[in-house]
$ cat coords-v4.txt   # compact mmCIF, C-alpha atoms
# COMPACT_ATOMS: atom_id res chain seq x y z
CA MET J 1459 -10.42 113.06 13.59
CA PHE J 1460 -9.59 116.71 14.48
CA ARG J 1461 -9.17 117.71 10.86
CA GLU J 1462 -12.51 116.12 9.97
CA SER J 1463 -14.20 117.98 12.80
CA VAL J 1464 -12.79 121.28 11.61
CA ALA J 1465 -14.16 120.64 8.13
CA THR J 1466 -17.56 119.71 9.55
CA ALA J 1467 -17.50 122.79 11.76
CA PHE J 1468 -16.98 125.04 8.75
CA ASP J 1469 -19.80 123.24 6.95
CA LEU J 1470 -22.09 123.85 9.91
CA LEU J 1471 -21.16 127.54 9.96
CA LEU J 1472 -21.50 128.09 6.22
CA SER J 1473 -24.78 126.18 5.99
CA LEU J 1474 -26.11 128.36 8.82
CA ASP J 1475 -27.00 125.36 10.98
CA VAL J 1476 -30.15 126.20 12.91
CA ARG J 1477 -28.59 125.28 16.27
CA VAL J 1478 -25.72 127.68 15.67
CA VAL J 1479 -27.96 130.47 14.37
CA GLU J 1480 -30.40 130.13 17.28
CA ALA J 1481 -27.62 130.18 19.85
CA ALA J 1482 -26.04 133.19 18.14
CA ARG J 1483 -29.39 135.01 18.13
CA VAL J 1484 -29.96 134.41 21.85
CA THR J 1485 -26.38 135.36 22.68
CA LEU J 1486 -26.40 138.61 20.72
CA LEU J 1487 -29.81 139.59 22.05
CA CYS J 1488 -28.82 139.01 25.68
CA SER J 1489 -25.30 140.44 25.42
CA LEU J 1490 -26.34 143.58 23.53
CA SER J 1491 -29.22 144.26 25.94
CA ALA J 1492 -27.02 143.74 28.98
CA THR J 1493 -24.26 145.96 27.58
CA LEU J 1494 -26.65 148.75 26.59
CA LEU J 1495 -28.39 148.68 29.97
CA ALA J 1496 -25.01 148.78 31.69
CA GLY J 1497 -24.08 151.77 29.52
CA LEU J 1498 -27.31 153.60 30.30
CA LEU J 1499 -26.61 153.39 34.01
CA GLY J 1500 -22.85 153.13 33.95
CA VAL J 1501 -21.89 156.11 31.78
CA PRO J 1502 -23.52 158.78 33.97
CA ALA J 1503 -21.94 157.12 37.00
CA ALA J 1504 -18.56 156.99 35.25
CA MET J 1505 -18.84 160.68 34.33
CA ALA J 1506 -19.62 161.60 37.93
CA LEU J 1507 -16.73 159.49 39.25
CA GLY J 1508 -14.25 160.58 36.58
CA ARG J 1509 -14.80 164.27 37.27
CA ARG J 1510 -14.40 164.06 41.02
CA LYS J 1511 -11.71 163.17 43.51
CA GLY J 1512 -11.82 162.07 47.11
CA ARG J 1513 -11.98 159.01 49.28
CA LEU J 1514 -15.57 158.11 48.36
CA VAL J 1515 -14.80 158.28 44.65
CA ARG J 1516 -11.68 156.14 45.08
CA SER J 1517 -13.70 153.57 47.03
CA ALA J 1518 -16.38 153.46 44.34
CA LEU J 1519 -13.75 152.95 41.66
CA LEU J 1520 -12.14 150.20 43.71
CA VAL J 1521 -15.51 148.46 43.92
CA ALA J 1522 -15.96 148.82 40.15
CA ARG J 1523 -12.48 147.47 39.42
CA THR J 1524 -13.05 144.55 41.75
CA GLY J 1525 -16.33 143.95 39.95
CA MET J 1526 -14.41 143.59 36.70
CA ALA J 1527 -12.77 140.47 38.05
CA LEU J 1528 -15.94 138.86 39.42
CA PRO J 1529 -16.21 135.18 38.48
CA THR J 1530 -19.31 134.73 36.34
CA VAL J 1531 -20.57 131.85 38.48
CA VAL J 1532 -20.51 134.11 41.53
CA VAL J 1533 -22.65 136.69 39.71
CA GLY J 1534 -24.86 133.83 38.55
CA LEU J 1535 -25.18 132.58 42.10
CA LEU J 1536 -26.10 135.99 43.55
CA VAL J 1537 -28.65 136.79 40.85
CA TYR J 1538 -29.99 133.23 41.18
CA GLY J 1539 -30.66 134.05 44.83
CA LEU J 1540 -32.55 137.17 43.76
CA LEU J 1541 -34.62 135.51 41.04
CA SER J 1542 -35.28 132.05 42.45
CA ARG J 1543 -38.77 131.31 43.70
CA ALA J 1544 -37.91 132.09 47.31
CA GLY J 1545 -35.87 135.19 46.39
CA PRO J 1546 -37.03 138.82 46.60
CA LEU J 1547 -37.66 138.98 42.83
CA GLY J 1548 -39.09 135.44 42.71
CA PRO J 1549 -42.68 136.53 41.95
CA LEU J 1550 -41.49 137.99 38.64
CA ASP J 1551 -40.81 134.41 37.54
CA LEU J 1552 -37.75 135.38 35.51
CA LEU J 1553 -35.49 132.43 36.23
CA TYR J 1554 -34.56 130.42 33.11
CA THR J 1555 -35.65 133.22 30.73
CA PRO J 1556 -33.50 135.43 28.49
CA ALA J 1557 -34.36 138.29 30.86
CA ALA J 1558 -32.61 136.42 33.67
CA ILE J 1559 -29.47 136.13 31.55
CA VAL J 1560 -29.65 139.85 30.71
CA CYS J 1561 -30.04 140.61 34.41
CA GLY J 1562 -26.97 138.58 35.37
CA GLU J 1563 -24.86 139.83 32.47
CA PHE J 1564 -25.83 143.39 33.33
CA PHE J 1565 -24.06 143.00 36.67
CA LEU J 1566 -21.06 141.59 34.83
CA ALA J 1567 -20.98 144.47 32.32
CA LEU J 1568 -21.74 147.37 34.69
CA PRO J 1569 -18.44 147.46 36.61
CA ILE J 1570 -16.48 147.19 33.35
CA VAL J 1571 -18.33 150.12 31.80
CA VAL J 1572 -18.05 152.20 34.98
CA ALA J 1573 -14.37 151.52 35.66
CA LEU J 1574 -13.11 151.92 32.08
CA ALA J 1575 -15.33 154.86 31.13
CA ALA J 1576 -14.46 156.65 34.39
CA GLU J 1577 -10.80 156.38 33.39
CA SER J 1578 -11.42 158.10 30.08
CA PHE J 1579 -13.45 160.85 31.77
CA ALA J 1580 -10.67 161.34 34.32
CA ALA J 1581 -8.09 161.52 31.51
CA LEU J 1582 -9.81 164.54 29.91
CA ASP J 1583 -8.13 167.92 30.23
CA PRO J 1584 -9.46 169.27 33.55
CA ARG J 1585 -10.25 172.57 31.80
CA THR J 1586 -12.71 170.92 29.40
CA GLU J 1587 -15.74 171.74 31.52
CA ARG J 1588 -14.66 175.33 32.06
CA ALA J 1589 -13.94 175.83 28.36
CA ALA J 1590 -17.42 174.62 27.48
CA ILE J 1591 -19.05 176.86 30.10
CA THR J 1592 -17.25 180.04 29.06
CA LEU J 1593 -18.30 179.35 25.47
CA GLY J 1594 -21.91 179.35 26.58
CA ALA J 1595 -22.69 175.70 27.34
CA GLY J 1596 -25.44 175.01 29.87
CA PRO J 1597 -25.26 172.00 32.25
CA ARG J 1598 -26.74 169.66 29.64
CA ARG J 1599 -24.39 170.79 26.91
CA VAL J 1600 -21.44 170.48 29.30
CA ARG J 1601 -22.30 166.83 29.96
CA LEU J 1602 -22.73 166.16 26.25
CA THR J 1603 -19.38 167.81 25.56
CA LEU J 1604 -17.63 165.68 28.18
CA LEU J 1605 -19.27 162.57 26.71
CA ARG J 1606 -18.15 163.53 23.22
CA GLU J 1607 -14.60 164.30 24.33
CA ALA J 1608 -14.35 160.97 26.16
CA GLY J 1609 -16.27 159.25 23.34
CA PRO J 1610 -13.66 156.81 22.03
CA GLY J 1611 -12.83 155.62 25.55
CA VAL J 1612 -16.51 155.23 26.38
CA VAL J 1613 -17.06 153.20 23.22
CA ALA J 1614 -14.04 151.03 24.06
CA ALA J 1615 -15.49 150.46 27.55
CA HIS J 1616 -18.72 149.17 26.01
CA LEU J 1617 -16.82 146.90 23.64
CA ALA J 1618 -14.82 145.46 26.53
CA ALA J 1619 -18.03 144.84 28.47
CA PHE J 1620 -19.67 143.25 25.44
CA GLY J 1621 -16.63 141.05 24.88
CA ARG J 1622 -16.87 139.83 28.45
CA VAL J 1623 -20.62 139.05 28.49
CA VAL J 1624 -20.69 137.49 25.04
CA SER J 1625 -18.07 134.94 26.06
CA GLU J 1626 -19.28 134.14 29.59
CA LEU J 1627 -20.68 130.75 30.46
CA GLY J 1628 -21.57 130.68 34.16
CA ILE J 1629 -24.44 133.16 34.11
CA ALA J 1630 -26.06 131.77 30.98
CA PHE J 1631 -25.93 128.30 32.50
CA MET J 1632 -27.14 129.13 35.99
CA LEU J 1633 -29.79 131.72 35.12
CA GLY J 1634 -30.74 130.69 31.58
CA GLY J 1635 -30.88 126.97 32.07
CA ASN J 1636 -29.68 126.15 28.54
CA ILE J 1637 -33.13 125.78 26.95
CA ALA J 1638 -32.71 125.28 23.20
CA GLY J 1639 -33.93 128.21 21.09
CA ARG J 1640 -34.74 130.22 24.17
CA THR J 1641 -31.85 130.52 26.57
CA ARG J 1642 -29.19 128.39 24.88
CA THR J 1643 -26.25 130.68 24.13
CA LEU J 1644 -23.08 130.10 22.13
CA THR J 1645 -21.04 129.18 25.19
CA THR J 1646 -23.61 126.84 26.71
CA THR J 1647 -23.93 125.17 23.28
CA ILE J 1648 -20.21 124.43 23.26
CA ALA J 1649 -20.25 123.08 26.79
CA MET J 1650 -23.23 120.83 26.13
CA GLU J 1651 -22.63 119.61 22.58
CA THR J 1652 -19.04 118.69 23.35
CA GLN J 1653 -20.20 116.61 26.30
CA LYS J 1654 -22.72 114.93 24.04
CA GLY J 1655 -19.87 114.06 21.69
CA LEU J 1656 -20.80 116.58 18.98
CA PHE J 1657 -17.30 118.03 18.90
CA ALA J 1658 -17.68 119.60 15.44
CA LEU J 1659 -20.75 121.60 16.46
CA GLY J 1660 -18.91 122.87 19.51
CA LEU J 1661 -16.00 123.82 17.30
CA ALA J 1662 -18.27 125.68 14.87
CA VAL J 1663 -19.70 127.75 17.70
CA GLY J 1664 -16.20 128.29 19.03
CA PHE J 1665 -15.10 129.74 15.69
CA LEU J 1666 -18.08 132.06 15.77
CA LEU J 1667 -17.09 133.29 19.24
CA ILE J 1668 -13.54 133.90 18.07
CA LEU J 1669 -14.91 135.88 15.12
CA LEU J 1670 -17.01 137.95 17.51
CA ALA J 1671 -13.97 138.61 19.69
CA LEU J 1672 -12.05 139.67 16.58
CA GLY J 1673 -14.83 142.07 15.65
CA VAL J 1674 -15.00 143.54 19.13
CA ASN J 1675 -11.26 144.11 19.32
CA ALA J 1676 -11.10 145.57 15.82
CA GLY J 1677 -13.83 147.96 16.92
CA ALA J 1678 -11.91 148.84 20.07
CA MET J 1679 -8.78 149.54 18.04
CA LEU J 1680 -10.73 151.78 15.69
CA ALA J 1681 -12.24 153.65 18.62
CA ARG J 1682 -8.81 154.18 20.13
CA ALA J 1683 -7.36 155.33 16.80
CA ARG J 1684 -10.12 157.91 16.51
CA ALA J 1685 -9.29 159.28 19.95
CA ARG J 1686 -6.46 161.35 18.47
CA MET B 773 -17.51 200.29 34.51
CA LEU B 774 -16.45 196.91 33.16
CA ALA B 775 -16.09 195.16 36.46
CA GLU B 776 -15.90 195.80 40.16
CA ALA B 777 -14.80 193.57 43.03
CA ARG B 778 -14.84 194.17 46.74
CA ASP B 779 -13.27 192.30 49.60
CA LEU B 780 -12.37 189.51 47.18
CA GLN B 781 -10.58 186.40 48.35
CA VAL B 782 -10.01 183.03 46.72
CA VAL B 783 -8.63 180.26 48.91
CA ARG B 784 -7.94 176.75 47.70
CA ASP B 785 -6.51 173.94 49.80
CA GLY B 786 -5.71 176.42 52.56
CA ARG B 787 -3.68 178.63 50.20
CA VAL B 788 -4.72 182.19 49.37
CA LEU B 789 -4.72 182.40 45.56
CA LEU B 790 -6.06 185.92 45.34
CA ALA B 791 -6.83 188.73 47.76
CA LEU B 792 -8.16 192.13 46.65
CA GLU B 793 -9.68 194.80 48.86
CA HIS B 794 -11.33 196.82 46.15
CA VAL B 795 -10.87 197.18 42.42
CA ALA B 796 -12.97 198.93 39.81
CA ILE B 797 -12.02 198.33 36.20
CA PRO B 798 -13.24 201.20 33.98
CA GLY B 799 -14.47 200.52 30.49
CA PRO B 800 -13.93 200.07 27.69
CA GLY B 801 -10.33 199.15 28.28
CA PRO B 802 -8.23 197.44 27.42
CA ALA B 803 -7.45 196.84 31.07
CA MET B 804 -4.40 194.94 32.18
CA VAL B 805 -3.86 192.71 35.19
CA GLU B 806 -0.16 192.29 35.89
CA GLY B 807 1.90 190.69 38.59
CA PRO B 808 4.41 187.93 39.23
CA ASN B 809 3.66 184.24 38.85
CA GLY B 810 1.27 183.07 41.52
CA SER B 811 -0.16 186.52 42.18
CA GLY B 812 -3.58 185.35 41.08
CA LYS B 813 -3.90 186.87 37.58
CA SER B 814 -5.51 183.80 36.06
CA THR B 815 -7.64 183.29 39.15
CA LEU B 816 -8.97 186.85 38.91
CA LEU B 817 -9.85 186.37 35.25
CA ALA B 818 -11.62 183.08 36.06
CA VAL B 819 -13.60 184.85 38.81
CA LEU B 820 -14.54 187.67 36.41
CA ALA B 821 -15.58 185.02 33.84
CA GLY B 822 -18.00 183.55 36.37
CA LEU B 823 -16.10 180.26 36.36
CA GLN B 824 -14.24 180.35 39.67
CA PRO B 825 -16.31 181.00 42.78
CA PRO B 826 -14.51 183.27 45.22
CA THR B 827 -14.28 182.14 48.81
CA ARG B 828 -15.43 185.60 49.85
CA GLY B 829 -16.35 188.90 48.27
CA ILE B 830 -18.67 190.63 45.83
CA VAL B 831 -18.04 190.78 42.10
CA GLU B 832 -20.02 192.71 39.52
CA VAL B 833 -19.59 192.83 35.77
CA PHE B 834 -21.40 195.59 33.83
CA GLY B 835 -23.11 196.40 37.11
CA GLU B 836 -24.64 192.91 37.22
CA ARG B 837 -23.93 190.77 40.23
CA LEU B 838 -21.78 187.75 39.33
CA TRP B 839 -20.68 186.57 42.78
CA PRO B 840 -22.49 185.80 44.95
CA ALA B 841 -25.57 185.22 42.81
CA ALA B 842 -27.96 182.44 41.92
CA GLU B 843 -26.53 180.11 39.28
CA ARG B 844 -29.36 181.09 36.94
CA THR B 845 -28.63 184.82 37.05
CA ARG B 846 -24.91 184.18 36.85
CA ARG B 847 -25.49 182.13 33.70
CA ALA B 848 -27.34 185.07 32.14
CA THR B 849 -24.50 187.47 32.96
CA ARG B 850 -21.91 184.93 31.84
CA ARG B 851 -23.46 184.85 28.40
CA GLY B 852 -21.79 188.18 27.66
CA ILE B 853 -18.35 187.11 28.88
CA VAL B 854 -15.75 184.84 27.30
CA LEU B 855 -12.42 183.82 28.79
CA CYS B 856 -9.57 182.81 26.49
CA ASP B 857 -7.05 180.64 28.32
CA SER B 858 -3.34 181.23 27.95
CA GLU B 859 -3.22 177.82 26.31
CA PRO B 860 -6.49 177.47 24.43
CA LEU B 861 -8.32 174.18 24.82
CA PHE B 862 -10.05 172.81 21.75
CA PHE B 863 -12.65 170.09 21.49
CA ARG B 864 -12.52 167.13 19.14
CA GLY B 865 -13.50 167.96 15.58
CA THR B 866 -12.45 170.61 13.10
CA VAL B 867 -11.51 174.19 13.88
CA ALA B 868 -14.77 175.32 12.25
CA ALA B 869 -16.76 172.98 14.53
CA ASN B 870 -14.92 174.41 17.53
CA VAL B 871 -15.66 177.97 16.47
CA ALA B 872 -19.33 177.08 15.97
CA PHE B 873 -19.54 175.47 19.45
CA CYS B 874 -22.67 176.79 21.18
CA ALA B 875 -22.70 179.68 18.71
CA GLY B 876 -26.27 178.97 17.62
CA GLY B 877 -25.59 178.52 13.91
CA ALA B 878 -23.45 181.62 13.56
CA ASP B 879 -21.14 181.75 10.56
CA ALA B 880 -17.92 180.05 11.68
CA PRO B 881 -15.98 180.49 8.40
CA ALA B 882 -16.75 184.22 8.43
CA ALA B 883 -15.63 184.48 12.06
CA LEU B 884 -12.36 182.77 11.17
CA ALA B 885 -11.92 184.96 8.11
CA ALA B 886 -12.22 188.05 10.31
CA PHE B 887 -8.98 186.90 11.97
CA GLY B 888 -7.27 185.95 8.75
CA ALA B 889 -7.75 182.31 9.59
CA ALA B 890 -10.22 181.22 6.93
CA GLY B 891 -7.78 178.53 5.79
CA LEU B 892 -7.90 176.83 9.18
CA ALA B 893 -11.61 175.93 9.08
CA ALA B 894 -11.20 172.30 8.03
CA ARG B 895 -8.01 171.65 10.06
CA ARG B 896 -7.82 169.65 13.29
CA PRO B 897 -6.85 171.83 16.28
CA GLY B 898 -4.02 169.42 17.11
CA THR B 899 -2.24 170.31 13.86
CA LEU B 900 -2.24 174.09 14.45
CA SER B 901 0.77 176.21 15.41
CA THR B 902 0.62 178.30 18.59
CA GLY B 903 -0.21 181.43 16.58
CA GLU B 904 -2.90 179.66 14.61
CA ARG B 905 -4.40 178.27 17.80
CA ARG B 906 -4.60 181.81 19.19
CA ARG B 907 -6.37 183.06 16.08
CA ALA B 908 -8.85 180.20 16.12
CA ASP B 909 -9.48 180.76 19.84
CA LEU B 910 -10.15 184.47 19.34
CA ALA B 911 -12.52 183.71 16.46
CA ARG B 912 -14.28 181.18 18.68
CA ALA B 913 -14.64 183.75 21.47
CA LEU B 914 -15.79 186.65 19.30
CA ILE B 915 -18.37 184.72 17.32
CA ARG B 916 -20.37 184.91 20.57
CA ARG B 917 -20.21 188.75 20.41
CA PRO B 918 -19.20 189.08 24.06
CA ARG B 919 -19.50 192.37 25.91
CA LEU B 920 -16.41 191.45 27.90
CA LEU B 921 -13.46 189.47 26.56
CA LEU B 922 -10.96 188.15 29.09
CA LEU B 923 -7.54 187.15 27.74
CA ASP B 924 -5.09 185.25 29.91
CA GLU B 925 -1.55 186.18 28.81
CA PRO B 926 -2.61 186.54 25.17
CA THR B 927 0.93 186.90 23.79
CA SER B 928 2.60 184.10 25.76
CA HIS B 929 4.50 181.50 23.68
CA LEU B 930 4.11 183.64 20.53
CA ASP B 931 6.91 184.88 18.28
CA ALA B 932 7.27 188.60 17.53
CA GLU B 933 5.00 188.48 14.52
CA GLY B 934 2.31 186.47 16.31
CA ALA B 935 2.44 188.85 19.29
CA ARG B 936 2.11 191.88 17.01
CA TRP B 937 -0.89 190.28 15.39
CA VAL B 938 -2.55 189.72 18.79
CA LEU B 939 -1.90 193.34 19.85
CA ASP B 940 -3.51 194.51 16.65
CA ALA B 941 -6.49 192.20 17.23
CA ILE B 942 -6.97 193.53 20.77
CA ARG B 943 -6.98 197.11 19.44
CA ARG B 944 -9.59 196.22 16.84
CA ILE B 945 -11.76 194.35 19.35
CA CYS B 946 -11.69 197.32 21.74
CA ALA B 947 -12.42 199.78 18.95
CA ALA B 948 -15.49 197.71 18.10
CA GLY B 949 -16.81 198.39 21.60
CA THR B 950 -16.02 195.10 23.35
CA GLY B 951 -14.57 195.42 26.83
CA VAL B 952 -11.19 193.71 27.11
CA VAL B 953 -9.28 192.67 30.23
CA PHE B 954 -6.01 190.84 29.73
CA SER B 955 -3.37 189.53 32.05
CA ASN B 956 0.28 190.10 31.32
CA HIS B 957 3.52 188.76 32.63
CA GLY B 958 6.32 190.96 31.36
CA ASP B 959 5.34 191.72 27.75
CA ARG B 960 6.13 195.46 27.37
CA ASP B 961 4.37 195.94 24.05
CA LEU B 962 1.24 194.39 25.46
CA ALA B 963 1.54 196.54 28.59
CA ALA B 964 1.74 199.68 26.44
CA LEU B 965 -1.70 198.87 25.13
CA ALA B 966 -3.37 199.08 28.53
CA ALA B 967 -5.71 201.97 29.33
CA PHE B 968 -6.00 200.73 32.92
CA ARG B 969 -3.58 198.75 35.05
CA LEU B 970 -4.14 196.58 38.05
CA THR B 971 -1.00 195.27 39.70
CA LEU B 972 -1.35 192.23 41.89
CA GLY B 973 1.20 191.40 44.55
CA LYS B 974 2.06 188.02 45.95
CA ALA B 975 -1.16 186.82 47.55
CA SER B 976 0.69 185.76 50.71

$ encode --input "coords-v4.txt" --output "structure tokens"
Amino acid sequence: MFRESVATAFDLLLSLDVRVVEAARVTLLCSLSATLLAGLLGVPAAMALGRRKGRLVRSALLVARTGMALPTVVVGLLVYGLLSRAGPLGPLDLLYTPAAIVCGEFFLALPIVVALAAESFAALDPRTERAAITLGAGPRRVRLTLLREAGPGVVAAHLAAFGRVVSELGIAFMLGGNIAGRTRTLTTTIAMETQKGLFALGLAVGFLLILLALGVNAGAMLARARAR
Amino acid sequence: MLAEARDLQVVRDGRVLLALEHVAIPGPGPAMVEGPNGSGKSTLLAVLAGLQPPTRGIVEVFGERLWPAAERTRRATRRGIVLCDSEPLFFRGTVAANVAFCAGGADAPAALAAFGAAGLAARRPGTLSTGERRRADLARALIRRPRLLLLDEPTSHLDAEGARWVLDAIRRICAAGTGVVFSNHGDRDLAALAAFRLTLGKAS
């Protein structure tokens, strides 16, 4: 039975089954958007935190690190409260849309980007900024230089965040609602199809997720290798 | 006058790093700052480079006010000053890319060649010897055509040949009209080069 399912799963993958492709499309769209948004906000914050010391900075980093361990259903629950009809963002009518998933996954990705990228900024030689300034860099060029020097670590932070949001289930379920072709992601497909008895389809999607994880980690390894 | 400081004090974490009542460094140099470890040599150079704000005091370079001054005017003055650390820091990328950093398209290979370091252009800074790092750092500083070059212990960690090469480079740089101030901790040959000496004592 298991062996048969594996064979069917590969068939589904290789024949680009529409259910798999649709779920993959939604997943990549949401996860990439959430990760990029988290980077846009998180990297400047990480740079500010990584360059400074003090109690406030340590507290902010503690919050970020705690955020890394947030259960996805808790994030889903909180954002559900924001987006639901009675919530403060209710009038936007975002619940059960891809945007809602992006919103929830953003909060999942943000602390990962901030905490990990801040570490790579903090690990830079403390003279980096000074060296850039004495060689004529203005404030903008100094920030770009710091970003470039911490580049591999910042890339790795994004990959870690992407790896987390791409594989999460709770947010996609609670905020997306598992609507086929619209908000059905890879993970919600597995959860649902397996319950419906379509084990092979679940397995096919599972393989795809493992492949994605492999790609993300290979990327992270490359980024780290380039650091030196 | 290369630089002048009055009533200068730098305090960090409750510790006095540098205290100077008055010093006027005549040009073109080379001028030497000497003193024991912890007397504030590096701190003074960082203040003169416009990088380290003094806790108190007035600092002028080429008659232009560096401290206290608005960040914008300080940036303009700073454009003519480069500080070379005792252990040069390089950015990621090749030596040539480092030399060209913020140099506005100036000719990095030519700048390296001027210090007999043309062969280093494509190397990664991490693979350079101490002497090669020093050459690359000097090329990177001089490509900016500074009016004032600050060198923090330029011969430290170098062998006899490397040190001789640095002394020769300092002579050439001075002869070309660039003001040079270097710090020194016990290198007699380097000290012999100095046209002006400032001796710092323990800053309490």

$ closest_atom_pairs --input "coords-v4.txt" --of "chain B" --to "chain J" --cutoff "9 Å" --atoms "only C-alpha atoms" --output "JSON lines"
{"residue": "B:Ala821", "atom": "CA", "partner": "J:Thr1592", "partner_atom": "CA", "distance": 7.1}
{"residue": "B:Gly822", "atom": "CA", "partner": "J:Thr1592", "partner_atom": "CA", "distance": 8.1}
{"residue": "B:Leu823", "atom": "CA", "partner": "J:Arg1588", "partner_atom": "CA", "distance": 6.7}
{"residue": "B:Arg847", "atom": "CA", "partner": "J:Gly1596", "partner_atom": "CA", "distance": 8.1}
{"residue": "B:Arg850", "atom": "CA", "partner": "J:Thr1592", "partner_atom": "CA", "distance": 7.3}
{"residue": "B:Arg851", "atom": "CA", "partner": "J:Gly1594", "partner_atom": "CA", "distance": 6.0}
{"residue": "B:Gly852", "atom": "CA", "partner": "J:Gly1594", "partner_atom": "CA", "distance": 8.9}
{"residue": "B:Ile853", "atom": "CA", "partner": "J:Thr1592", "partner_atom": "CA", "distance": 7.2}
{"residue": "B:Val854", "atom": "CA", "partner": "J:Thr1592", "partner_atom": "CA", "distance": 5.3}
{"residue": "B:Leu855", "atom": "CA", "partner": "J:Thr1592", "partner_atom": "CA", "distance": 6.1}
{"residue": "B:Cys856", "atom": "CA", "partner": "J:Ala1589", "partner_atom": "CA", "distance": 8.4}
{"residue": "B:Asp857", "atom": "CA", "partner": "J:Ala1589", "partner_atom": "CA", "distance": 8.4}
{"residue": "B:Pro860", "atom": "CA", "partner": "J:Ala1589", "partner_atom": "CA", "distance": 8.6}
{"residue": "B:Leu861", "atom": "CA", "partner": "J:Ala1589", "partner_atom": "CA", "distance": 6.8}
{"residue": "B:Phe862", "atom": "CA", "partner": "J:Ala1589", "partner_atom": "CA", "distance": 8.2}
{"residue": "B:Phe863", "atom": "CA", "partner": "J:Glu1607", "partner_atom": "CA", "distance": 6.7}
{"residue": "B:Arg864", "atom": "CA", "partner": "J:Glu1607", "partner_atom": "CA", "distance": 6.3}
{"residue": "B:Phe873", "atom": "CA", "partner": "J:Leu1593", "partner_atom": "CA", "distance": 7.3}
{"residue": "B:Cys874", "atom": "CA", "partner": "J:Gly1594", "partner_atom": "CA", "distance": 6.0}
{"residue": "B:Ala875", "atom": "CA", "partner": "J:Gly1594", "partner_atom": "CA", "distance": 7.9}
{"residue": "B:Gly898", "atom": "CA", "partner": "J:Arg1686", "partner_atom": "CA", "distance": 8.5}
{"residue": "B:Arg912", "atom": "CA", "partner": "J:Leu1593", "partner_atom": "CA", "distance": 8.1}
{"residue": "B:Ala913", "atom": "CA", "partner": "J:Leu1593", "partner_atom": "CA", "distance": 7.0}
{"residue": "B:Arg916", "atom": "CA", "partner": "J:Leu1593", "partner_atom": "CA", "distance": 7.7}

$ write_last_selection --input "coords-v4.txt" --atoms "C-alpha atoms" --output "short mmCIF file (atom, residue, chain, number, x, y, z; two decimals), in the coordinates of the input"
data_model
loop_
_atom_site.label_atom_id
_atom_site.label_comp_id
_atom_site.auth_asym_id
_atom_site.auth_seq_id
_atom_site.Cartn_x
_atom_site.Cartn_y
_atom_site.Cartn_z
CA ALA B 821 -15.58 185.02 33.84
CA GLY B 822 -18.00 183.55 36.37
CA LEU B 823 -16.10 180.26 36.36
CA ARG B 847 -25.49 182.13 33.70
CA ARG B 850 -21.91 184.93 31.84
CA ARG B 851 -23.46 184.85 28.40
CA GLY B 852 -21.79 188.18 27.66
CA ILE B 853 -18.35 187.11 28.88
CA VAL B 854 -15.75 184.84 27.30
CA LEU B 855 -12.42 183.82 28.79
CA CYS B 856 -9.57 182.81 26.49
CA ASP B 857 -7.05 180.64 28.32
CA PRO B 860 -6.49 177.47 24.43
CA LEU B 861 -8.32 174.18 24.82
CA PHE B 862 -10.05 172.81 21.75
CA PHE B 863 -12.65 170.09 21.49
CA ARG B 864 -12.52 167.13 19.14
CA PHE B 873 -19.54 175.47 19.45
CA CYS B 874 -22.67 176.79 21.18
CA ALA B 875 -22.70 179.68 18.71
CA GLY B 898 -4.02 169.42 17.11
CA ARG B 912 -14.28 181.18 18.68
CA ALA B 913 -14.64 183.75 21.47
CA ARG B 916 -20.37 184.91 20.57
#

$ residues_near_point --input "coords-v4.txt" --point "(-14.1, 122.5, 9.1)" --cutoff "12 Å" --atoms "only C-alpha atoms" --output "count of residues only"
24

$ closest_residue --input "coords-v4.txt" --among "J:Leu1494, J:Val1478, J:Ile1559, J:Leu1499" --to "J:Leu1644" --atoms "all atoms listed in the file"
J:Val1478

$ atom_distance --input "coords-v4.txt" --atom1 "atom CA of B:Gly877" --atom2 "atom CA of B:Ile942"
24.9 Å

$ atom_distance --input "coords-v4.txt" --atom1 "atom CA of B:Ile830" --atom2 "atom CA of B:Pro918"
21.8 Å

$ residues_around --input "coords-v4.txt" --residues "J:Val1560" --least-positions-apart "6" --cutoff "10 Å" --atoms "only C-alpha atoms" --output "number ranges by chain"
J: 1485, 1487-1493, 1495, 1566-1567, 1623, 1629-1630, 1633-1634

$ atom_distance --input "coords-v4.txt" --atom1 "atom CA of J:Leu1627" --atom2 "atom CA of J:Thr1646"
6.2 Å

$ residues_near_point --input "coords-v4.txt" --point "(-17.7, 150.3, 32.0)" --cutoff "9 Å" --atoms "all atoms listed in the file" --output "list in words"
Ala1496, Gly1497, Gly1500, Val1501, Ala1504, Ala1522, Met1526, Ala1567, Leu1568, Pro1569, Ile1570, Val1571, Val1572, Ala1573, Leu1574, Ala1575, Ala1576, Val1612, Ala1614, Ala1615, His1616, Ala1618 and Ala1619 of chain J

$ closest_residue --input "coords-v4.txt" --among "J:Met1632, J:Ala1683, J:Val1479, J:Leu1552" --to "J:Leu1535" --atoms "all atoms listed in the file"
J:Met1632

$ residues_around --input "coords-v4.txt" --residues "B:Asp931" --least-positions-apart "6" --cutoff "10 Å" --atoms "only C-alpha atoms" --output "JSON, numbers by chain"
{"B": [902, 903, 937]}

$ residues_around --input "coords-v4.txt" --residues "J:Thr1647" --least-positions-apart "2" --cutoff "8 Å" --atoms "all atoms listed in the file" --output "JSON, numbers by chain"
{"J": [1481, 1636, 1642, 1643, 1644, 1645, 1649, 1650, 1651, 1660, 1663]}
